[in-house]
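Down below is the structure, laid out as structure tokens.
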Protein chains: 2
Amino acid sequence: MPRKITLKQIAKELDVSVSTVSKSLKDSPEISLDTKEKVKAFAKLYNYKPNNIALSLKNRKTKTIGIIIPEIVHHFFTTVIQGIEHVANEKGYNVIICLSNNSFDKEVLNLEFLANGSTDGFIMSIAKETQQKEDYHHIKEVINQGMPVVMFDRVIDEVICDKVVISDKHGAFEAVQYLIDHHCKKIAIISTVDYVSVGKLRTEGYKDALITNDMEIDQDLILKIEDVDHSEEKIEEFLKNKNVDGIFAVNEQFAVNAIKVLKKLHKKVPEDVSVIGFTDGVVSKSFIPSLSTVNQHGEEMGAKAANLLIDRLENEAEEQSFQTTVLDTSLIIRDSVKK
Amino acid sequence: MPRKITLKQIAKELDVSVSTVSKSLKDSPEISLDTKEKVKAFAKLYNYKPNNIALSLKNRKTKTIGIIIPEIVHHFFTTVIQGIEHVANEKGYNVIICLSNNSFDKEVLNLEFLANGSTDGFIMSIAKETQQKEDYHHIKEVINQGMPVVMFDRVIDEVICDKVVISDKHGAFEAVQYLIDHHCKKIAIISTVDYVSVGKLRTEGYKDALITNDMEIDQDLILKIEDVDHSEEKIEEFLKNKNVDGIFAVNEQFAVNAIKVLKKLHKKVPEDVSVIGFTDGVVSKSFIPSLSTVNQHGEEMGAKAANLLIDRLENEAEEQSFQTTVLDTSLIIRDSVKK
DNA sequence: AACCTTAACTCTAACGTTTTCGTGTTGAAA
DNA sequence: TTTCAACACGAAAACGTTAGAGTTAAGGTT
């Protein structure tokens with residue numbers, strides 16, 4: 001097992017100094033053509049590649065950006081990652097992905113690990129547990145240490161940094177408005193508990209749409225689900241004795257489960273009830289009926305976040321003020337709604 | 001922006017040497033209690049954390065394992081990652097994920113980047129394009145340089161290293177056997193082109209099952225799809241004039257599309273046709289009818305791969321021979337088949 | 001002959017750590 | 001008084017790389 005070759009070894013073999021080797025490989029004019037060619041040939045033969053770790057240490061730059069996300073088994077996040085990857089690779093950056101599994105402790109650990117030299121900056125979406133605890137000291141700390149951070153999707157007002165979000169409220173508004181425009185009179189929302197920022201915002205959008213159309217907000221039509229794993233039962237209980245004709249769900253899973261429950265209750269989608277979800281995942285397209293959703297444009301979001309971060313990394317001199325980019329959503333109409 | 005504090009800075013502040021600081025923080029008996037406490041207090045105050053890059057360089061170990069996978073928008077891979085993460089974190093390793101996007105070039109780039117000091121070893125599943133090109137020099141090279149590599153799922157016989165696979169053939173066999181046992185007489189398979197190793201193996205399992213049960217292999221019942229994006233049309237064309245009563249699909253997408261096509265052709269699932277897919281993804285559970293599948297146990301696979309790799313990393317002295325672990329699949333019976 | 005230029009290298013410091021090997025100061029035993 | 005541990009600390013090298021500041025020898029200028 002021949003370990004990777006280093007400049008030192010090449011230098012020894014060719015009986016020159018390390019700096020000569022280094023300069024030769026960089027095509028420095030200080031070195032004679034003869035020597036340069038000899039070195040280059042040797043380096044190629046042994047497939048020399050500079051050690052990134054050493055470079056990082058020397059340059060105090062890793063050319064790597066860290067992504068910390070709550071979970072990966074989630075189509076939205078994977079599309080965001082695609083977007084980040086794309087931009088990052090184009091600009092010569094590599095990407096490290098770490099999972100917090102929605103755990104506060106793991107998020108802290110990940111952040112610490114990556115902040116200690118492994119990356120130049122972060123793109124992150126916060127863990128559910130962190131949002132619940134409202135403890136953001138770890139994020140503030142890395143920012144204080146001079147690490148640029150870009151937050152996306154689940155963002156925190158208290159933390160001052162660049163952010164990329166979608167107009168959750170407006171997306172929800174549009175969805176509900178569509179339902180209203182298409183003759184729904186009694187529209188329910190299936191949302192998450194309020195500490196999940198996006199759930200809260202989407203609920204606000206729902207309410208806004210009702211108010212704008214002079215409809216009443218009926219607390220009985222608002223379901224907030226804590227435990228995703230048992231959402232189907234909760235939804236069944238919720239829908240059992242309500243004669244709703246429209247449902248807006250704040251994520252894909254809730255929408256799918258709602259349709260399942262409706263089938264069980266012998267209601268037809270979309271004839272009796274129209275359903276719109278949030279997040280355009282794999283399930284939405286395949287489901288029967290295919291699901292109308294609010295598209296979050298994850299890839300675009302990732303791209304924007306990466307651009308913001310790299311911008312900041314490469315222009316550290318000028319202190320630009322932080323910005324929050326709001327991306328538009330778009331409504332994808334499929335078969336789960338009346339048209 | 002106070003950059004991260006270093007040993008040197010602490011040393012200067014406290015007017016001691018760098019080594020004293022380092023030793024103090026490691027609680028070395030060489031240092032007086034007095035000094036140690038002073039240093040520790042100071043370090044804590046300024047939240048000193050050793051720089052990973054420097055440590056990696058010094059120790060020639062990164063305590064990081066690299067994962068290279070073809071795509072992330074794929075539930076199976078995300079579960080594998082979960083499994084790897086879990087084991088790795090438990091054993092004090094971090095995880096870097098890189099995407100090849102099924103491109104050969106990107107796979108080479110990723111491998112080179114990660115091999116140059118960023119990780120101690122790899123866990124990878126090969127890009128489709130690489131399998132097609134049958135060019136594995138990049139992988140052989142990193143192995144030659146002393147990097148342990150564990151391959152999973154899509155593995156290559158020519159590359160000698162630890163491997164973790166599922167019994168694709170046997171999983172397919174069981175699925176088809178189930179169909180046969182439940183009165184299917186004319187069973188079709190929807191597979192991928194042969195250069196994708198798993199597609200080939202699963203097709204073999206399908207054939208084996210037929211042969212074992214004295215049924216004929218009818219090439220007309222075998223569909224091989226190249227382009228996933230237009231699979232639905234291909235499947236429709238394929239199924240149009242065939243009176244099959246059982247379908248085995250080598251992935252989730254094909255299974256779902258098959259059911260859609262069947263509905264369009266006014267066949268009922270499972271009454272008229274039983275369908276079994278491969279990979280237990282998000283869609284399978286939610287789909288109506290819920291999809292019977294061959295479960296690949298991704299998490300287990302990831303865990304096994306991580307264990308193999310870490311074992312090799314921590315026992316570099318003893319040259320163990322390479323092993324291929326074959327994990328069992330299991331059949332999950334849901335509503336898409338007759339029972 | 002004394003000086004300068006230039007080509008072609010080499011040396012050194014630096015990035016942040018750890019660790020081995022000094023080294024100077026005590027206090028005590030001989 | 002000399003000698004020697006023990007103690008508490010510092011200096012230096014090493015990991016692999018790069019870049020600026022030397023160094024050397026050959027040749028050219030005055």
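In the structure tokens, chains take the letters A, B, ... in the order shown, each chain's residues start at 1, and ligands count up from 1 in the order shown.
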
**OP:** If you run DSSP over the backbone, which residues in region 49-266 of chain B end up alpha helix (DSSP H)? Put them as JSON, numbers by chain.
**Re:** {"B": [52, 53, 54, 55, 56, 57, 58, 59, 75, 76, 77, 78, 79, 80, 81, 82, 83, 84, 85, 86, 87, 88, 89, 90, 104, 105, 106, 107, 108, 109, 110, 111, 112, 113, 128, 129, 130, 131, 132, 133, 137, 138, 139, 140, 141, 142, 143, 144, 168, 169, 170, 171, 172, 173, 174, 175, 176, 177, 178, 179, 180, 181, 197, 198, 199, 200, 201, 202, 203, 204, 205, 206, 207, 208, 209, 210, 211, 212, 231, 232, 233, 234, 235, 236, 237, 238, 239, 252, 253, 254, 255, 256, 257, 258, 259, 260, 261, 262, 263, 264]}

**OP:** Please report, as a PyMOL selection string, each residue of region 51-212 of chain A to which DSSP assigns strand (DSSP E or B) when run on this structure's backbone.
**Re:** chain A and resi 64-69+94-99+121-124+149-152+162-166+187-192

**OP:** Define the interface residues of chain B facing chain C as those within 12 Å, counting only C-alpha atoms (C1' of nucleotides), and report them as a PyMOL selection string.
**Re:** chain B and resi 4-9+18-23+25-26+28+49-60

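Taking every C-alpha atom in order, chain A superposes onto chain B with an RMSD of 0.1 Å.
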
Original post:
Residues of chain D within 8 Å of chain A, using only C-alpha atoms (C1' of nucleotides), as an MDAnalysis selection string?
Top reply: chainID D and resid 16:18

Pull N, CA and C atoms (P, O5', C5', C4', C3', O3' and C1' of nucleotides) from the residues just selected and write them as an mmCIF file, in the first residue's frame.
data_model
loop_
_atom_site.group_PDB
_atom_site.id
_atom_site.type_symbol
_atom_site.label_atom_id
_atom_site.label_comp_id
_atom_site.auth_asym_id
_atom_site.auth_seq_id
_atom_site.Cartn_x
_atom_site.Cartn_y
_atom_site.Cartn_z
ATOM 1 P P DG D 16 3.055 14.212 5.365
ATOM 2 O "O5'" DG D 16 2.602 15.521 4.594
ATOM 3 C "C5'" DG D 16 1.239 15.656 4.213
ATOM 4 C "C4'" DG D 16 1.067 16.967 3.496
ATOM 5 C "C3'" DG D 16 1.970 17.141 2.283
ATOM 6 O "O3'" DG D 16 1.150 17.532 1.193
ATOM 7 C "C1'" DG D 16 2.158 19.018 3.728
ATOM 8 P P DT D 17 1.774 17.858 -0.226
ATOM 9 O "O5'" DT D 17 1.822 19.436 -0.178
ATOM 10 C "C5'" DT D 17 0.591 20.132 -0.099
ATOM 11 C "C4'" DT D 17 0.782 21.588 0.200
ATOM 12 C "C3'" DT D 17 1.573 22.372 -0.818
ATOM 13 O "O3'" DT D 17 0.632 22.979 -1.690
ATOM 14 C "C1'" DT D 17 2.023 23.064 1.448
ATOM 15 P P DT D 18 1.206 23.816 -2.951
ATOM 16 O "O5'" DT D 18 1.615 25.219 -2.313
ATOM 17 C "C5'" DT D 18 0.598 26.045 -1.779
ATOM 18 C "C4'" DT D 18 1.220 27.314 -1.262
ATOM 19 C "C3'" DT D 18 1.957 28.137 -2.314
ATOM 20 O "O3'" DT D 18 1.442 29.448 -2.223
ATOM 21 C "C1'" DT D 18 3.320 27.804 -0.403
#

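The shortest atom-to-atom distance to chain A, with only C-alpha atoms taken into account, belongs to B:Asn116 out of B:Asn47, B:Asn116, B:Ser336, B:Asn94.
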
Subject >> One-decimal distance in Å that lies between CA of Glu112 (chain B) and CA of Ser125 (chain A) >> reply: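 It comes out at 28.8 Å.
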
Original post:
Counting only C-alpha atoms, which residues of chain A come no farther than 8 Å from chain B, as number ranges by chain?
Top reply: A: 1-4, 49-54, 56-57, 72-73, 75, 78-79, 95-98, 113, 116-118, 144-146, 256-257, 282-283, 286-288

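Using only C-alpha atoms (C1' of nucleotides), the protein and nucleic acid residues lying no more than 8 Å from region 234-248 of chain A, apart from those fewer than 6 places from it along its own chain, are Ala175, Val176, Leu179, Cys184, Lys185, Lys186, Ile187, Ala188, Ile189, Ile190, Leu223, Ile225, Ala255, Asn257, Ala258, Val261, Leu262, Leu265, Asp272, Val273, Ser274, Val275, Ile276 and Gly277 of chain A.
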
**OP:** For Lys224 (chain A), list every protein, DNA or RNA residue within 8 Å, evaluated using only C-alpha atoms (C1' of nucleotides), and leave out those in the same chain fewer than 3 positions away; present the list as a ChimeraX atom specification.
**Re:** /A:190-194

**OP:** List the neighbours of Gln323 (chain B) out to 8 Å using only C-alpha atoms (C1' of nucleotides); skip same-chain residues closer than 3 positions along the sequence, and give me the result as a list of chain:residue names.
**Re:**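 So the residues in contact are B:Cys161, B:Asp162, B:Lys163.
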
Could you write those residues out with C-alpha atoms, as a compact mmCIF listing (two decimals), in the first residue's frame?
# COMPACT_ATOMS: atom_id res chain seq x y z
CA CYS B 161 -12.76 -4.29 -1.68
CA ASP B 162 -15.38 -4.85 1.00
CA LYS B 163 -18.90 -4.91 -0.32

Subject >> Selection: 12 Å around Ala88 (chain B), only C-alpha atoms (C1' of nucleotides), excl. self and same-chain fewer than 2 positions, as a PyMOL selection string >> reply: (chain A and resi 98) or (chain B and resi 63-67+81-86+90-96+121-123+302-311+313)

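Using only C-alpha atoms, the nearest neighbour of Phe152 (chain A) within the list A:Ser330, A:Thr212, A:Gln296, A:Gln320 is A:Gln296.
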